[in-house]
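S.K.: One file is attached below, entry_10.csv, containing CSV, C-alpha atoms.
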chain,number,residue,atom,x,y,z
A,1,MET,CA,-3.7,7.7,-20.8
A,2,ARG,CA,-0.5,6.5,-19.2
A,3,GLU,CA,-0.1,3.3,-17.2
A,4,ILE,CA,1.1,3.2,-13.6
A,5,CYS,CA,3.1,0.1,-13.0
A,6,GLY,CA,4.8,-1.0,-9.8
A,7,THR,CA,7.6,-3.5,-9.2
A,8,LEU,CA,8.1,-4.8,-5.6
A,9,PHE,CA,10.7,-7.1,-4.1
A,10,GLN,CA,9.5,-8.8,-0.9
A,11,SER,CA,10.2,-11.7,1.4
A,12,LEU,CA,7.7,-14.5,2.1
A,13,ASP,CA,6.5,-12.5,5.1
A,14,GLY,CA,5.9,-9.4,3.0
A,15,VAL,CA,9.0,-7.3,4.0
A,16,MET,CA,10.2,-5.0,1.2
A,17,GLN,CA,12.6,-2.8,3.2
A,18,ALA,CA,16.2,-2.2,1.9
A,19,PRO,CA,16.7,-5.1,-0.6
A,20,GLY,CA,19.7,-3.5,-2.1
A,21,SER,CA,22.2,-2.9,0.7
A,22,ARG,CA,22.7,-2.5,4.5
A,23,GLU,CA,22.9,1.3,4.1
A,24,GLU,CA,19.8,1.7,1.9
A,25,ASP,CA,17.2,2.1,4.7
A,26,PRO,CA,18.1,1.2,8.3
A,27,THR,CA,15.1,3.0,9.8
A,28,GLY,CA,13.4,1.3,12.6
A,29,GLY,CA,16.6,-0.6,13.4
A,30,PHE,CA,16.4,-2.7,10.3
A,31,ASP,CA,19.7,-4.6,10.0
A,32,LEU,CA,18.9,-7.0,7.2
A,33,GLY,CA,19.4,-4.6,4.3
A,34,GLY,CA,20.8,-6.3,1.2
A,35,TRP,CA,18.8,-9.4,1.6
A,36,GLN,CA,17.9,-9.5,-2.1
A,37,PHE,CA,21.5,-9.4,-3.2
A,38,GLY,CA,22.4,-11.9,-0.6
A,39,PHE,CA,20.1,-14.4,-2.5
A,40,PRO,CA,21.4,-14.2,-6.1
A,41,ASP,CA,18.8,-15.4,-8.6
A,42,GLU,CA,19.7,-14.9,-12.2
A,43,GLU,CA,16.2,-15.9,-13.4
A,44,ALA,CA,14.6,-13.3,-11.2
A,45,GLY,CA,17.1,-10.7,-12.5
A,46,GLU,CA,16.0,-11.5,-16.0
A,47,ALA,CA,12.4,-10.9,-15.0
A,48,ILE,CA,13.3,-7.5,-13.4
A,49,GLY,CA,14.7,-6.5,-16.8
A,50,ALA,CA,11.1,-6.2,-18.1
A,51,SER,CA,10.4,-3.4,-15.6
A,52,LEU,CA,13.7,-1.7,-16.6
A,53,ALA,CA,12.9,-1.6,-20.3
A,54,PRO,CA,12.4,2.0,-21.5
A,55,PRO,CA,10.5,4.1,-22.2
A,56,TYR,CA,9.3,5.0,-18.7
A,57,ALA,CA,9.1,7.8,-16.2
A,58,LEU,CA,9.8,7.2,-12.5
A,59,LEU,CA,7.1,7.6,-9.9
A,60,LEU,CA,8.6,7.6,-6.4
A,61,GLY,CA,7.8,8.3,-2.8
A,62,ARG,CA,10.0,10.9,-1.1
A,63,ARG,CA,12.2,8.4,0.8
A,64,THR,CA,12.9,6.2,-2.2
A,65,TYR,CA,13.6,9.3,-4.3
A,66,ASP,CA,16.2,10.3,-1.7
A,67,ILE,CA,17.8,6.9,-1.8
A,68,PHE,CA,17.9,6.8,-5.6
A,69,ALA,CA,19.1,10.5,-5.9
A,70,ALA,CA,22.1,9.7,-3.7
A,71,TYR,CA,23.0,6.6,-5.7
A,72,TRP,CA,22.2,6.6,-9.4
A,73,PRO,CA,23.7,9.9,-10.5
A,74,PHE,CA,27.0,8.8,-9.1
A,75,HIS,CA,27.0,5.2,-10.2
A,76,GLU,CA,29.6,3.9,-12.6
A,77,GLY,CA,30.6,0.4,-13.8
A,78,GLU,CA,28.2,-2.5,-13.7
A,79,ASP,CA,24.6,-1.5,-14.2
A,80,LYS,CA,25.7,1.8,-15.8
A,81,SER,CA,22.9,1.4,-18.4
A,82,ILE,CA,20.3,1.4,-15.6
A,83,ALA,CA,21.9,4.5,-14.2
A,84,ASP,CA,21.9,6.3,-17.5
A,85,ALA,CA,18.2,5.5,-18.1
A,86,PHE,CA,17.2,6.5,-14.6
A,87,ASN,CA,19.2,9.8,-14.8
A,88,ALA,CA,17.6,10.6,-18.2
A,89,ALA,CA,14.0,9.7,-17.2
A,90,GLU,CA,11.5,12.2,-15.9
A,91,LYS,CA,11.1,11.7,-12.1
A,92,TYR,CA,7.7,12.4,-10.4
A,93,VAL,CA,7.8,12.5,-6.6
A,94,LEU,CA,4.6,12.3,-4.6
A,95,THR,CA,5.4,14.4,-1.5
A,96,THR,CA,4.1,17.1,0.7
A,97,SER,CA,7.6,18.2,1.6
A,98,ASP,CA,9.1,21.4,0.1
A,99,ALA,CA,12.6,20.0,0.3
A,100,PRO,CA,14.5,20.5,-3.0
A,101,LEU,CA,14.3,17.9,-5.7
A,102,ASP,CA,17.7,18.4,-7.3
A,103,TRP,CA,18.1,15.2,-9.3
A,104,ALA,CA,17.8,16.1,-13.0
A,105,ASN,CA,14.3,16.1,-14.5
A,106,SER,CA,12.5,15.8,-11.1
A,107,HIS,CA,8.9,17.1,-10.5
A,108,ARG,CA,6.8,17.4,-7.4
A,109,LEU,CA,3.3,16.0,-7.1
A,110,ARG,CA,1.4,17.3,-4.1
A,111,GLY,CA,-1.2,14.6,-4.0
A,112,PHE,CA,-3.1,11.8,-5.8
A,113,ASP,CA,-5.2,14.3,-7.7
A,114,ASP,CA,-2.1,15.7,-9.3
A,115,LEU,CA,-1.0,12.1,-10.1
A,116,ALA,CA,-4.4,11.2,-11.6
A,117,ALA,CA,-4.1,14.3,-13.9
A,118,LEU,CA,-0.6,13.2,-14.9
A,119,ARG,CA,-1.9,9.7,-15.6
A,120,ASP,CA,-4.7,11.0,-17.8
A,121,GLY,CA,-2.1,12.7,-20.1
A,122,ASP,CA,0.3,11.5,-22.7
A,123,GLY,CA,3.7,9.9,-22.1
A,124,PRO,CA,5.5,6.7,-21.2
A,125,ARG,CA,4.4,4.5,-18.3
A,126,LEU,CA,5.0,5.7,-14.8
A,127,GLN,CA,7.2,3.0,-13.1
A,128,ILE,CA,7.3,2.7,-9.4
A,129,TRP,CA,10.3,1.2,-7.5
A,130,GLY,CA,10.1,0.7,-3.7
A,131,SER,CA,7.8,3.5,-2.4
A,132,SER,CA,5.5,1.2,-0.5
A,133,THR,CA,3.7,4.3,1.0
A,134,LEU,CA,2.2,5.0,-2.4
A,135,TYR,CA,0.3,1.7,-2.7
A,136,PRO,CA,-2.6,2.3,-0.2
A,137,GLY,CA,-3.6,5.5,-2.1
A,138,LEU,CA,-3.1,4.1,-5.5
A,139,ILE,CA,-5.2,1.0,-4.8
A,140,GLU,CA,-7.9,3.0,-3.0
A,141,ARG,CA,-8.3,5.3,-6.1
A,142,GLY,CA,-7.9,2.5,-8.7
A,143,LEU,CA,-4.8,4.2,-10.1
A,144,LEU,CA,-2.5,1.2,-10.1
A,145,ASP,CA,-2.7,-0.6,-13.5
A,146,ARG,CA,-0.2,-3.4,-13.0
A,147,LEU,CA,2.0,-4.8,-10.2
A,148,SER,CA,5.0,-7.0,-10.7
A,149,LEU,CA,5.7,-8.8,-7.5
A,150,LEU,CA,8.9,-10.8,-6.8
A,151,THR,CA,8.6,-12.9,-3.7
A,152,TYR,CA,11.9,-14.4,-2.5
A,153,PRO,CA,12.0,-17.6,-0.3
A,154,LEU,CA,13.2,-15.7,2.7
A,155,ILE,CA,11.6,-14.9,6.1
A,156,LEU,CA,12.9,-11.6,7.5
A,157,GLY,CA,10.6,-11.3,10.5
A,158,LYS,CA,10.8,-7.5,10.7
A,159,GLY,CA,10.8,-4.4,8.5
A,160,LYS,CA,8.5,-2.4,6.3
A,161,ARG,CA,5.8,-4.3,4.6
A,162,SER,CA,4.9,-4.1,0.9
A,163,PHE,CA,1.4,-3.2,1.8
A,164,PRO,CA,1.5,-1.3,5.1
A,165,GLY,CA,-1.4,-0.8,7.5
A,166,GLY,CA,-4.2,1.2,5.9
A,167,THR,CA,-4.0,-0.5,2.5
A,168,PRO,CA,-7.6,-1.0,1.4
A,169,PRO,CA,-8.9,-4.5,0.4
A,170,ALA,CA,-8.0,-5.4,-3.2
A,171,THR,CA,-8.1,-8.4,-5.5
A,172,LEU,CA,-5.1,-9.1,-7.7
A,173,ARG,CA,-6.0,-10.7,-11.0
A,174,PHE,CA,-3.2,-12.9,-12.1
A,175,GLU,CA,-1.8,-12.0,-15.5
A,176,SER,CA,1.5,-14.0,-15.8
A,177,GLY,CA,4.2,-15.5,-13.8
A,178,ARG,CA,6.4,-18.4,-12.8
A,179,THR,CA,8.6,-19.7,-10.1
A,180,THR,CA,12.4,-19.7,-10.7
A,181,SER,CA,14.6,-22.7,-10.0
A,182,LYS,CA,15.7,-21.1,-6.8
A,183,GLY,CA,12.1,-20.6,-5.6
A,184,THR,CA,11.5,-17.0,-6.3
A,185,ALA,CA,7.9,-16.4,-7.3
A,186,VAL,CA,7.7,-13.9,-10.1
A,187,ALA,CA,4.1,-12.7,-10.9
A,188,THR,CA,2.3,-9.8,-12.6
A,189,PHE,CA,-1.1,-8.8,-11.4
A,190,VAL,CA,-3.8,-6.3,-12.3
A,191,PRO,CA,-5.2,-4.9,-9.1
A,192,THR,CA,-8.9,-4.2,-8.6
A,193,PRO,CA,-10.2,-2.5,-5.4
A,194,GLY,CA,-12.4,-4.7,-3.2
A,195,VAL,CA,-12.6,-8.3,-2.2
A,196,ALA,CA,-15.5,-10.7,-2.9
A,197,LEU,CA,-16.7,-12.4,0.3
A,198,GLY,CA,-18.1,-15.9,0.7
A,199,SER,CA,-18.2,-18.7,3.3
A,200,SER,CA,-18.1,-22.4,3.6
A,201,PRO,CA,-21.4,-24.3,3.6
A,202,PRO,CA,-23.0,-23.6,7.0
A,203,ASN,CA,-23.6,-26.5,9.4
A,204,SER,CA,-27.1,-26.9,11.0
A,205,PRO,CA,-27.2,-25.0,14.3
A,206,ASN,CA,-25.7,-26.8,17.2
A,207,PRO,CA,-25.3,-25.9,20.9
A,208,ARG,CA,-21.5,-25.5,20.6
A,209,GLU,CA,-21.6,-23.1,17.7
A,210,GLN,CA,-24.4,-21.2,19.3
A,211,ALA,CA,-22.3,-20.8,22.4
A,212,ARG,CA,-19.3,-19.7,20.3
A,213,GLN,CA,-21.3,-17.1,18.5
A,214,ALA,CA,-22.7,-15.8,21.8
A,215,ALA,CA,-19.2,-15.5,23.2
A,216,ILE,CA,-18.1,-13.5,20.1
A,217,LYS,CA,-20.9,-11.0,20.5
A,218,GLU,CA,-20.0,-10.6,24.2
A,219,ASN,CA,-16.3,-10.2,23.5
A,220,ARG,CA,-15.5,-13.4,25.5
A,221,TRP,CA,-14.1,-15.4,22.6
What is this file in structure tokens?
M.R.:
Amino acid sequence: MREICGTLFQSLDGVMQAPGSREEDPTGGFDLGGWQFGFPDEEAGEAIGASLAPPYALLLGRRTYDIFAAYWPFHEGEDKSIADAFNAAEKYVLTTSDAPLDWANSHRLRGFDDLAALRDGDGPRLQIWGSSTLYPGLIERGLLDRLSLLTYPLILGKGKRSFPGGTPPATLRFESGRTTSKGTAVATFVPTPGVALGSSPPNSPNPREQARQAAIKENRW
């Protein structure tokens, strides 16, 4: 069985849109693209290297695939080793679109059942970059084996979130991590669907709390 591993870069308020450049993804009027490269953190970069270590295949959503396919096959100079590895890797794209997948070694997955069958087979880990639209379905089906989350000390205030609306409840079991000298939190988690619920010790009933609970039930609170 193969592992499905995700790596996400996000701000403190959970925005993951366009960390690499202003042109990467301006949808929704997002004009803060390049925020990750505007906050250089060499220690965070070293941690990212673990996700870049081969062997791996890429697992991408359609939009991230289009971003990568328009960049990495044409990339020269610095980070050429990353480009070479990405270009050589098998690419699996979870999409319902019939638009061509013309980046070398690209394969279409029509849905999560196809992905589950791929995961059950042999091969290197399936590594996700970006592609936040994949996470709700992965978490719901228990298909995400590991998540590396780099949270930068920035507040962006707008943009696509790492876990968009519709993401089911989940518990992230901490596996390893640290905070860099610049304040970037680098952590790896093992996700488990569902959240255990509890409560603080109840007070004995009192008129004020009884009135508050009544207001909640009557939609007045």
S.K.: Counting all atoms listed in the file, which of A:Lys158, A:Arg220, A:Arg2, A:Arg63 gets nearest to A:Leu144?
M.R.: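 Of the candidates, the smallest distance to A:Leu144 is held by A:Arg2.
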S.K.: Would you work out the distance separating atom CA of A:Tyr135 from atom CA of A:Thr192, expressed in Å to one decimal?
M.R.: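 Separation between atom CA of A:Tyr135 and atom CA of A:Thr192: 12.4 Å.
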S.K.: Using atom CA of A:Ser51 and atom CA of A:Ser81 as the two end points, give the distance in Å to one decimal.
M.R.: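 Rounded to one decimal, the two atoms are 13.7 Å apart.
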S.K.: Expressed in Å to a single decimal, how great is the separation between atom CA of A:Met1 and atom CA of A:Gly137?
M.R.: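 Atom-to-atom, atom CA of A:Met1 and atom CA of A:Gly137 are spaced 18.8 Å apart.
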S.K.: Nearest to A:Ile67 among A:Gly121, A:Gly34, A:Pro153, A:Gly130, with distances taken over all atoms listed in the file: which residue is it?
M.R.: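 Once distances to A:Ile67 are computed over all atoms listed in the file, the minimum belongs to A:Gly130.
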S.K.: Do you know which residues lie at most 12 Å from (9.0, -16.4, 11.6), with coordinates as in the file and all atoms listed in the file counted, and could you write them as number ranges by chain?
M.R.: A: 11-15, 154-158
S.K.: Counting all atoms listed in the file, which of A:Glu3, A:Phe37, A:Ser181, A:Gly49 gets nearest to A:Asp122?
M.R.: A:Glu3
S.K.: For a quick check of understanding, using only C-alpha atoms, which of A:Leu118, A:Leu109, A:Ala214, A:Leu59 has the smallest distance to A:Lys91?
M.R.: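 Comparing A:Leu118, A:Leu109, A:Ala214, A:Leu59 against A:Lys91, the winner is A:Leu59.
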S.K.: Which is closest to A:Glu42 among A:Gln127, A:Thr151, A:Thr184, A:Gln213, if we use all atoms listed in the file?
M.R.: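 Going through A:Gln127, A:Thr151, A:Thr184, A:Gln213 one by one, the smallest distance to A:Glu42 is for A:Thr184.
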S.K.: Between A:Ala170, A:Pro124, A:Leu147, A:Cys5, single out the one closest to A:Ala196, counting all atoms listed in the file.
M.R.: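 Result for the nearest residue to A:Ala196: A:Ala170.
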S.K.: Could you list, as an mmCIF file with C-alpha atoms, in the frame of the given file, every residue within 10 Å of A:Phe163, counting only C-alpha atoms and ignoring same-chain residues fewer than 4 positions away?
M.R.:
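Here's the written file result_29.cif:
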data_model
loop_
_atom_site.group_PDB
_atom_site.id
_atom_site.type_symbol
_atom_site.label_atom_id
_atom_site.label_comp_id
_atom_site.auth_asym_id
_atom_site.auth_seq_id
_atom_site.Cartn_x
_atom_site.Cartn_y
_atom_site.Cartn_z
ATOM 1 C CA GLY A 14 5.900 -9.400 3.000
ATOM 2 C CA VAL A 15 9.000 -7.300 4.000
ATOM 3 C CA MET A 16 10.200 -5.000 1.200
ATOM 4 C CA SER A 132 5.500 1.200 -0.500
ATOM 5 C CA THR A 133 3.700 4.300 1.000
ATOM 6 C CA LEU A 134 2.200 5.000 -2.400
ATOM 7 C CA TYR A 135 0.300 1.700 -2.700
ATOM 8 C CA PRO A 136 -2.600 2.300 -0.200
ATOM 9 C CA THR A 167 -4.000 -0.500 2.500
ATOM 10 C CA PRO A 168 -7.600 -1.000 1.400
#
S.K.: The residues within 7 Å of (2.9, -3.8, -11.3), using only C-alpha atoms and the coordinates of the file, should be reported as a list in words; which are they?
M.R.: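 The answer, in the requested form, is Cys5, Gly6, Thr7, Asp145, Arg146, Leu147, Ser148, Leu149, Thr188 and Phe189 of chain A.
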S.K.: Counting only C-alpha atoms, what is within 12 Å of A:Asp114, bar same-chain residues fewer than 5 positions away, as a ChimeraX atom specification?
M.R.: /A:92-96,107-109,119-121,143
S.K.: Since we have the selection now, will you write its residues out, keeping C-alpha atoms, as a compact mmCIF listing (two decimals), in the coordinates of the input?
M.R.:
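Saved as selection-v4.txt:
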# COMPACT_ATOMS: atom_id res chain seq x y z
CA TYR A 92 7.70 12.40 -10.40
CA VAL A 93 7.80 12.50 -6.60
CA LEU A 94 4.60 12.30 -4.60
CA THR A 95 5.40 14.40 -1.50
CA THR A 96 4.10 17.10 0.70
CA HIS A 107 8.90 17.10 -10.50
CA ARG A 108 6.80 17.40 -7.40
CA LEU A 109 3.30 16.00 -7.10
CA ARG A 119 -1.90 9.70 -15.60
CA ASP A 120 -4.70 11.00 -17.80
CA GLY A 121 -2.10 12.70 -20.10
CA LEU A 143 -4.80 4.20 -10.10
S.K.: Please output stretch 147-165 of chain A, rebuilt to include N, CA and C atoms, as a PDB file, keeping the file's coordinate frame.
M.R.:
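That gives us rebuild.pdb:
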ATOM      1  N   LEU A 147       0.982  -4.618 -11.290  1.00  0.00           N
ATOM      2  CA  LEU A 147       2.000  -4.800 -10.200  1.00  0.00           C
ATOM      3  C   LEU A 147       2.772  -6.074 -10.505  1.00  0.00           C
ATOM      4  N   SER A 148       4.085  -5.901 -10.601  1.00  0.00           N
ATOM      5  CA  SER A 148       5.000  -7.000 -10.700  1.00  0.00           C
ATOM      6  C   SER A 148       5.575  -7.303  -9.338  1.00  0.00           C
ATOM      7  N   LEU A 149       5.350  -8.495  -8.820  1.00  0.00           N
ATOM      8  CA  LEU A 149       5.700  -8.800  -7.500  1.00  0.00           C
ATOM      9  C   LEU A 149       6.695 -10.014  -7.478  1.00  0.00           C
ATOM     10  N   LEU A 150       7.895  -9.794  -6.947  1.00  0.00           N
ATOM     11  CA  LEU A 150       8.900 -10.800  -6.800  1.00  0.00           C
ATOM     12  C   LEU A 150       9.018 -11.225  -5.365  1.00  0.00           C
ATOM     13  N   THR A 151       8.610 -12.450  -5.048  1.00  0.00           N
ATOM     14  CA  THR A 151       8.600 -12.900  -3.700  1.00  0.00           C
ATOM     15  C   THR A 151       9.707 -13.953  -3.487  1.00  0.00           C
ATOM     16  N   TYR A 152      10.691 -13.598  -2.675  1.00  0.00           N
ATOM     17  CA  TYR A 152      11.900 -14.400  -2.500  1.00  0.00           C
ATOM     18  C   TYR A 152      11.638 -15.408  -1.314  1.00  0.00           C
ATOM     19  N   PRO A 153      12.221 -16.623  -1.383  1.00  0.00           N
ATOM     20  CA  PRO A 153      12.000 -17.600  -0.300  1.00  0.00           C
ATOM     21  C   PRO A 153      12.839 -17.317   0.917  1.00  0.00           C
ATOM     22  N   LEU A 154      12.524 -16.187   1.531  1.00  0.00           N
ATOM     23  CA  LEU A 154      13.200 -15.700   2.700  1.00  0.00           C
ATOM     24  C   LEU A 154      12.145 -15.251   3.732  1.00  0.00           C
ATOM     25  N   ILE A 155      12.409 -15.432   5.012  1.00  0.00           N
ATOM     26  CA  ILE A 155      11.600 -14.900   6.100  1.00  0.00           C
ATOM     27  C   ILE A 155      12.451 -13.897   6.847  1.00  0.00           C
ATOM     28  N   LEU A 156      12.079 -12.626   6.846  1.00  0.00           N
ATOM     29  CA  LEU A 156      12.900 -11.600   7.500  1.00  0.00           C
ATOM     30  C   LEU A 156      12.376 -11.268   8.898  1.00  0.00           C
ATOM     31  N   GLY A 157      11.087 -11.411   9.119  1.00  0.00           N
ATOM     32  CA  GLY A 157      10.600 -11.300  10.500  1.00  0.00           C
ATOM     33  C   GLY A 157      10.403  -9.860  10.982  1.00  0.00           C
ATOM     34  N   LYS A 158      10.913  -8.882  10.263  1.00  0.00           N
ATOM     35  CA  LYS A 158      10.800  -7.500  10.700  1.00  0.00           C
ATOM     36  C   LYS A 158      11.022  -6.603   9.481  1.00  0.00           C
ATOM     37  N   GLY A 159      10.637  -5.337   9.602  1.00  0.00           N
ATOM     38  CA  GLY A 159      10.800  -4.400   8.500  1.00  0.00           C
ATOM     39  C   GLY A 159       9.551  -3.917   7.889  1.00  0.00           C
ATOM     40  N   LYS A 160       9.670  -2.948   7.000  1.00  0.00           N
ATOM     41  CA  LYS A 160       8.500  -2.400   6.300  1.00  0.00           C
ATOM     42  C   LYS A 160       7.877  -3.368   5.376  1.00  0.00           C
ATOM     43  N   ARG A 161       6.569  -3.418   5.395  1.00  0.00           N
ATOM     44  CA  ARG A 161       5.800  -4.300   4.600  1.00  0.00           C
ATOM     45  C   ARG A 161       5.480  -3.724   3.199  1.00  0.00           C
ATOM     46  N   SER A 162       5.311  -4.588   2.208  1.00  0.00           N
ATOM     47  CA  SER A 162       4.900  -4.100   0.900  1.00  0.00           C
ATOM     48  C   SER A 162       3.610  -3.378   0.903  1.00  0.00           C
ATOM     49  N   PHE A 163       2.676  -3.853   1.714  1.00  0.00           N
ATOM     50  CA  PHE A 163       1.400  -3.200   1.800  1.00  0.00           C
ATOM     51  C   PHE A 163       1.139  -2.875   3.281  1.00  0.00           C
ATOM     52  N   PRO A 164       1.514  -1.655   3.671  1.00  0.00           N
ATOM     53  CA  PRO A 164       1.500  -1.300   5.100  1.00  0.00           C
ATOM     54  C   PRO A 164       0.039  -1.138   5.576  1.00  0.00           C
ATOM     55  N   GLY A 165      -0.089  -0.983   6.897  1.00  0.00           N
ATOM     56  CA  GLY A 165      -1.400  -0.800   7.500  1.00  0.00           C
ATOM     57  C   GLY A 165      -2.113   0.383   6.840  1.00  0.00           C
TER      58      GLY A 165
END
